[in-house]
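Colleague: Dropping a structure here in structure tokens format, bear with me for questions.
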Amino acid sequence: MSDQNGKMQTGTGAKLNRRDFLRSASALAGLGLLAACAPAAQPAGGSSADTASAERQEVRYLSWWFEEGNRGDTWNNFVTEFNEAQSEIEVVAENIPFDQYTTKTIVGAQSGQLDGDIVMATPELAPRLIQADLLVPLDDVLVRNGITDLSSAHDALRKDGNLYGLDMVTVAFGILYNKDRYEEANITPATTPDEWVEVSAALTDREAQKYGFFATHLVSEPSDFWFQLEVWCMPYDGIWAEGTTPLLTSDPIIQGLKLFKQMYDVAMPQGADNPTGYRLFQNGDVAQGLYVSAAVGAFTKDAPDLYPLLRSAPIPWASNKSIARIHPMMINKASDAIDESMEFVTYMYNPDNYRRMVEGCQDVIFAQPSAARQEYLDNLEWLEPGYSGVDYVTPFDIVGDFVYNFNEFGQIVITNFADVLNAGKSVEEAMEIAQQQAEDLAERVS
Amino acid sequence: MSERVDANVLSERTSQRELKPRPRLRRYLLPFSLVLPIILYEGLLIVYPIAQGIYGSFTRIELASKNPPLWVGWANYERMFSDPAFWKVIRTTLLFTGLVIVVALTIGLLTALLFNRPFRFRPLARGMLMMPWAIPEVPVVMIFIWMLSPQFGVVNILARMLPGVTQNPQWLQVPELAMGWMVLISSWKAFPFYSLVILAALQAIPQELYEAARVDGASRLQLFWNVTFPGIGSTLELLVVLAAIFSFKQFTIIFLMTGGGPSGTTETIVIRIFNTAFRFYDYSYATALGVAGFVVSLAVAFVFILMQARRAQESA
């Protein structure tokens with residue numbers, strides 16, 4: 001008996017009872033949690049470069065273009081150049097795909113604060129951020145760089161006398177074509193919208209998978225669809241809205257959208273998504289498109305065989321108007337590194353750096369006109385006449401007060417216009433519904 | 001002797017416990033601390049967002065504006081019920097869900113019956129059967145977008161073999177075709193799971209039942225209707241509920257392939273919620289739609305719970 005008792009006691013002493021187990025487990029879990037929350041250990045004897053890097057103030061620069069051909073390379077090189085030129089600031093480039101950029105920025109701003117220290121903005125996003133008072137004035141950048149000839153497009157980026165954004169790329173819409181395709185078909189550029197349809201039809205042979213024209217037209221690519229459709233108010237000199245009044249049923253808009261439908265019917269690879277359309281253009285299977293000037297530079301890298309064949313056609317409508325979109329660089333007011341961010345923006349807007357940046361990206365519109373080098377422009381064979389001598393308007397000029405709700409407005413237009421392309425609705429019928437929805441939007445946001 | 005000693009020890013321990021009663025707090029501390037993590041998880045990541053969503057549906061929120069959320073009461077719900085687009089979305093959701101249930105479960109049942117029969121390389125075939133279910137949705141979408149491309153798609157070659165088809169069809173641009181493809185792709189992606197579950201149920205049916213029925217002269221069809229079908233009935237019931245839930249919340253395939261188009265033909269309620277919130281930035285209305293979707297999901301879950309309870313009652 002005593003032996004048995006002894007065994008029992010020994011056994012009890014050696015065994016881990018439930019409570020002890022739970023205590024130990026809790027202690028271990030607590031330690032684990034502490035370890036997880038603790039800052040990462042610094043390696044002993046790290047290199048001096050690591051130490052220097054750790055002391056630098058990090059500046060997060062958000063944009064959609066760090067992976068875009070020439071533009072991506074140019075910007076990444078400038079970030080590296082700036083980081084190497086001084087030892088106190090480390091600019092970190094963060095890429096967000098274009099289709100998600102605006103939504104991510106707006107939702108981020110709503111849910112707490114604007115993300116990033118330096119943010120790029122589209123013409124649609126910039127007024128929203130300015131209106132919401134989320135940005136730092138940048139007038140000092142102009143003073144420090146002695147800039148006095150800033151483009152008038154910046155007027156839309158001012159509030160209460162302060163400037164909140166500095167344009168880093170202005171992209172203009174123009175008709176870009178493959179000169180071999182024009183020559184094969186013995187075609188000369190059109191001078192009127194009707195001629196443009198005829199030219200596009202003549203360049204199309206659906207059986208041979210050859211198309212005269214491509215523009216994004218799928219609702220599954222909403223941002224790109226509206227991005228391209230917005231310019232179709234130009235052929236008949238229309239605007240999408242005036243003040244808070246949508247003009248979707250106005251004659252110039254109806255005519256412009258009918259023109260798009262004609263092109264869709266006679267010349268476009270119907271149902272093709274944006275990457276497919278781009279690829280068809282690269283292969284020479286699409287002869288022309290309404291491309292923004294910024295996209296042309298990308299062909300030097302993506303399609304080096306096509307690039308020498310690219311030419312621009314004159315704007316084929318009487319007003320000779322097209323849209324130029326400015327993309328300002330802005331600084332987040334909630335940033336912990338405002339001064340450091342300002343240093344980078346100042347560096348990039350130094351006229352010499354700015355010129356190198358524009359030329360590196362193969363852009364053609366200079367926000368600082370005095371920085372433009374004629375020799376550079378003369379070397380761009382595709383520049384004349386489609387991207388030069390055109391009367392440019394900005395998105396701010398064509399959507400009235402919807403500039404603060406540009407995306408929502410655009411989604412209304414494309415969703416209803418898609419019914420014209422796919423569901424057999426007339427343009428008038430679809431725009432009647434869109435007009436009502438846009439009026440509801442105006443009421444909701446007023 | 002030993003029993004007597006043990007009894008004494010026990011009695012001593014009991015009396016010690018009576019002398020030192022465990023404090024109430026200590027008694028409850030352990031169980032509560034054990035459930036705390038799951039309560040925190042559920043509370044922070046599930047209950048709070050749902051509550052926030054419900055609250056948001058009674059307000060007007062303008063994204064990235066300086067205006068604070070404005071309490072608007074039932075306005076978003078009034079708008080929702082009077083919005084023809086909402087009812088169209090509900091119809092589309094029900095149609096899509098119903099079709100996916102029928103197609104996926106039918107294919108799942110047929111393949112399960114096939115794979116229940118012995119044949120050479122059956123284990124390999126069963127493994128391959130699971131592939132559509134195992135592949136992530138995004139690559140599946142990319143493959144199908146390529147296959148259905150009106151310019152390059154391989155499906156066009158098959159379509160051109162049909163009489164009267166002289167041009168490549170607009171597979172995702174014609175409303176009826178787009179819905180058909182969404183149903184087919186979603187069913188193709190889902191059926192292996194249903195097939196596997198049905199196969200397990202088929203293998204649980206006692207062989208004696210088949211033998212007895214054969215002795216009674218039952219035909220193959222009679223075997224299926226009178227032995228197989230009742231044997232897998234409860235499993236099929238469960239799978240109908242699961243298929244309803246899975247297809248109701250299907251997002252990736254539809255969003256990436258059609259975005260809800262053309263002309264809203266494939267716009268189910270989850271796509272509508274996303275589009276309303278993140279394309280039209282009508283955040284408050286999107287939350288009201290979200291609440292509607294939540295209620296429908298709850299209803300389906302409730303049906304499932306009722307079915308479970310009924311079955312438990314039957315087996316008791």
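How things are named: the first chain in the structure tokens is A, the next is B, and so on; residues count from 1 in each chain; ligands count from 1 in the order shown.
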Can you build me a table of stretch 191-286 of chain B residues sitting at most 12 Å from stretch 133-156 of chain B, with the closest atom pair per residue and its distance in Å to one decimal, using only C-alpha atoms, sorted by chain and residue number, as a tab-separated table?
Modeller:
```
residue	atom	partner	partner_atom	distance
B:Phe191	CA	B:Trp133	CA	7.4
B:Pro192	CA	B:Trp133	CA	5.9
B:Phe193	CA	B:Trp133	CA	6.6
B:Tyr194	CA	B:Trp133	CA	9.8
B:Ser195	CA	B:Trp133	CA	10.5
B:Leu196	CA	B:Trp133	CA	10.6
B:Gln250	CA	B:Glu137	CA	10.4
B:Phe251	CA	B:Glu137	CA	9.8
B:Thr252	CA	B:Glu137	CA	6.8
B:Ile253	CA	B:Val141	CA	6.0
B:Ile254	CA	B:Val141	CA	8.9
B:Phe255	CA	B:Val141	CA	9.7
B:Leu256	CA	B:Val141	CA	7.0
B:Met257	CA	B:Val141	CA	6.7
B:Thr258	CA	B:Ile145	CA	9.7
```
Colleague: Could you write out as a VMD selection string the residues of chain B within 8 Å of chain A, counting only C-alpha atoms?
Modeller: chain B and resid 2 62 to 66 149 to 151 170 172 to 175 255 to 263 278 to 281
Colleague: Of the candidates A:Leu203, A:Glu343, A:Asp285, A:Ala438, which one gets nearest to A:Ile187 if we count only C-alpha atoms?
Modeller: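 Looking only at the distances to A:Ile187, the closest residue turns out to be A:Leu203.
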Colleague: Need to verify the contact set: A:Tyr347, 12 Å, only C-alpha atoms, exclusion of same-chain residues closer than 4 positions in sequence. Can you return it as a list in words?
Modeller: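 Listing them by chain and then by number gives Phe78, Val79, Glu81, Phe82, Asn83, Ala85, Gln86, Val91, Val141, Leu142, Arg144, Asn145, Glu340, Ser341, Met342, Glu343, Pro351, Asp352, Asn353, Tyr354, Arg355, Arg356 and Met357 of chain A.
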Colleague: Mind dumping the selected residues with C-alpha atoms as an mmCIF file, in the first residue's frame?
Modeller:
```
data_model
loop_
_atom_site.group_PDB
_atom_site.id
_atom_site.type_symbol
_atom_site.label_atom_id
_atom_site.label_comp_id
_atom_site.auth_asym_id
_atom_site.auth_seq_id
_atom_site.Cartn_x
_atom_site.Cartn_y
_atom_site.Cartn_z
ATOM 1 C CA PHE A 78 15.389 59.717 -60.248
ATOM 2 C CA VAL A 79 14.462 58.170 -56.903
ATOM 3 C CA GLU A 81 19.649 59.532 -57.904
ATOM 4 C CA PHE A 82 17.993 61.606 -55.172
ATOM 5 C CA ASN A 83 18.680 58.978 -52.494
ATOM 6 C CA ALA A 85 22.696 62.620 -53.682
ATOM 7 C CA GLN A 86 22.090 63.150 -49.982
ATOM 8 C CA VAL A 91 12.469 58.049 -50.930
ATOM 9 C CA VAL A 141 8.819 74.749 -54.360
ATOM 10 C CA LEU A 142 8.301 77.378 -57.067
ATOM 11 C CA ARG A 144 13.068 77.818 -54.282
ATOM 12 C CA ASN A 145 13.416 76.831 -57.939
ATOM 13 C CA GLU A 340 11.600 65.723 -46.471
ATOM 14 C CA SER A 341 8.820 65.219 -49.014
ATOM 15 C CA MET A 342 9.121 68.880 -49.951
ATOM 16 C CA GLU A 343 12.840 68.330 -50.589
ATOM 17 C CA PRO A 351 13.998 73.037 -64.146
ATOM 18 C CA ASP A 352 16.949 70.940 -65.255
ATOM 19 C CA ASN A 353 15.754 67.799 -63.452
ATOM 20 C CA TYR A 354 12.209 68.421 -64.640
ATOM 21 C CA ARG A 355 13.386 68.648 -68.264
ATOM 22 C CA ARG A 356 15.408 65.448 -67.922
ATOM 23 C CA MET A 357 12.379 63.744 -66.395
#
```
Colleague: Write out as a list of chain:residue names which residues come within 10 Å of A:Pro252 when counting only C-alpha atoms, dropping same-chain ones fewer than 6 positions away.
Modeller: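 So, after excluding close chain neighbours, the residues are A:Trp232, A:Cys233, A:Met234, A:Pro235, A:Tyr236, A:Asp237, A:Gly238, A:Ile239, A:Trp240, A:Lys258.
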Colleague: Tell me, which residues of stretch 115-156 of chain B carry DSSP alpha helix (DSSP H), written as a list in words?
Modeller: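 Across stretch 115-156 of chain B, those assigned alpha helix (DSSP H) are Phe115, Arg122, Pro123, Leu124, Ala125, Arg126, Gly127, Met128, Leu129, Met131, Pro132, Trp133, Ala134, Glu137, Val138, Pro139, Val140, Val141, Met142, Ile143, Phe144, Ile145, Trp146, Met147, Val155 and Asn156 of chain B.
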Colleague: Report, in Å to a single decimal, how far apart atom CA of A:Asp139 and atom CA of A:Ile331 are.
Modeller: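 Distance reported for this atom pair: 11.9 Å.
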Colleague: Any idea what's packed within 12 Å of stretch 68-82 of chain B, counting only C-alpha atoms, ignoring anything in its chain fewer than 5 positions away? Could you give it as a PyMOL selection string?
Modeller: (chain A and resi 110+132+440+444) or (chain B and resi 54-63+87-90+272-273+276+282-292)
Colleague: Do a neighbour search on A:Tyr61 at 6 Å with only C-alpha atoms, toss out local chain neighbours closer than 4 positions, and write the hits as a PDB file with C-alpha atoms, in the first residue's frame.
Modeller:
```pdb
ATOM      1  CA  VAL A  92      10.696  54.727 -51.384  1.00  0.00           C
ATOM      2  CA  ALA A  93       8.666  54.233 -54.562  1.00  0.00           C
ATOM      3  CA  GLU A  94       5.424  52.280 -54.090  1.00  0.00           C
ATOM      4  CA  ILE A 118       4.025  62.029 -51.636  1.00  0.00           C
ATOM      5  CA  VAL A 119       1.066  61.058 -53.783  1.00  0.00           C
TER       6      VAL A 119
END
```
Colleague: Provide the atom CA of A:Val143 to atom CA of A:Asn70 distance in Å, to one decimal place.
Modeller: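 According to the coordinates, atom CA of A:Val143 and atom CA of A:Asn70 are separated by 29.6 Å.
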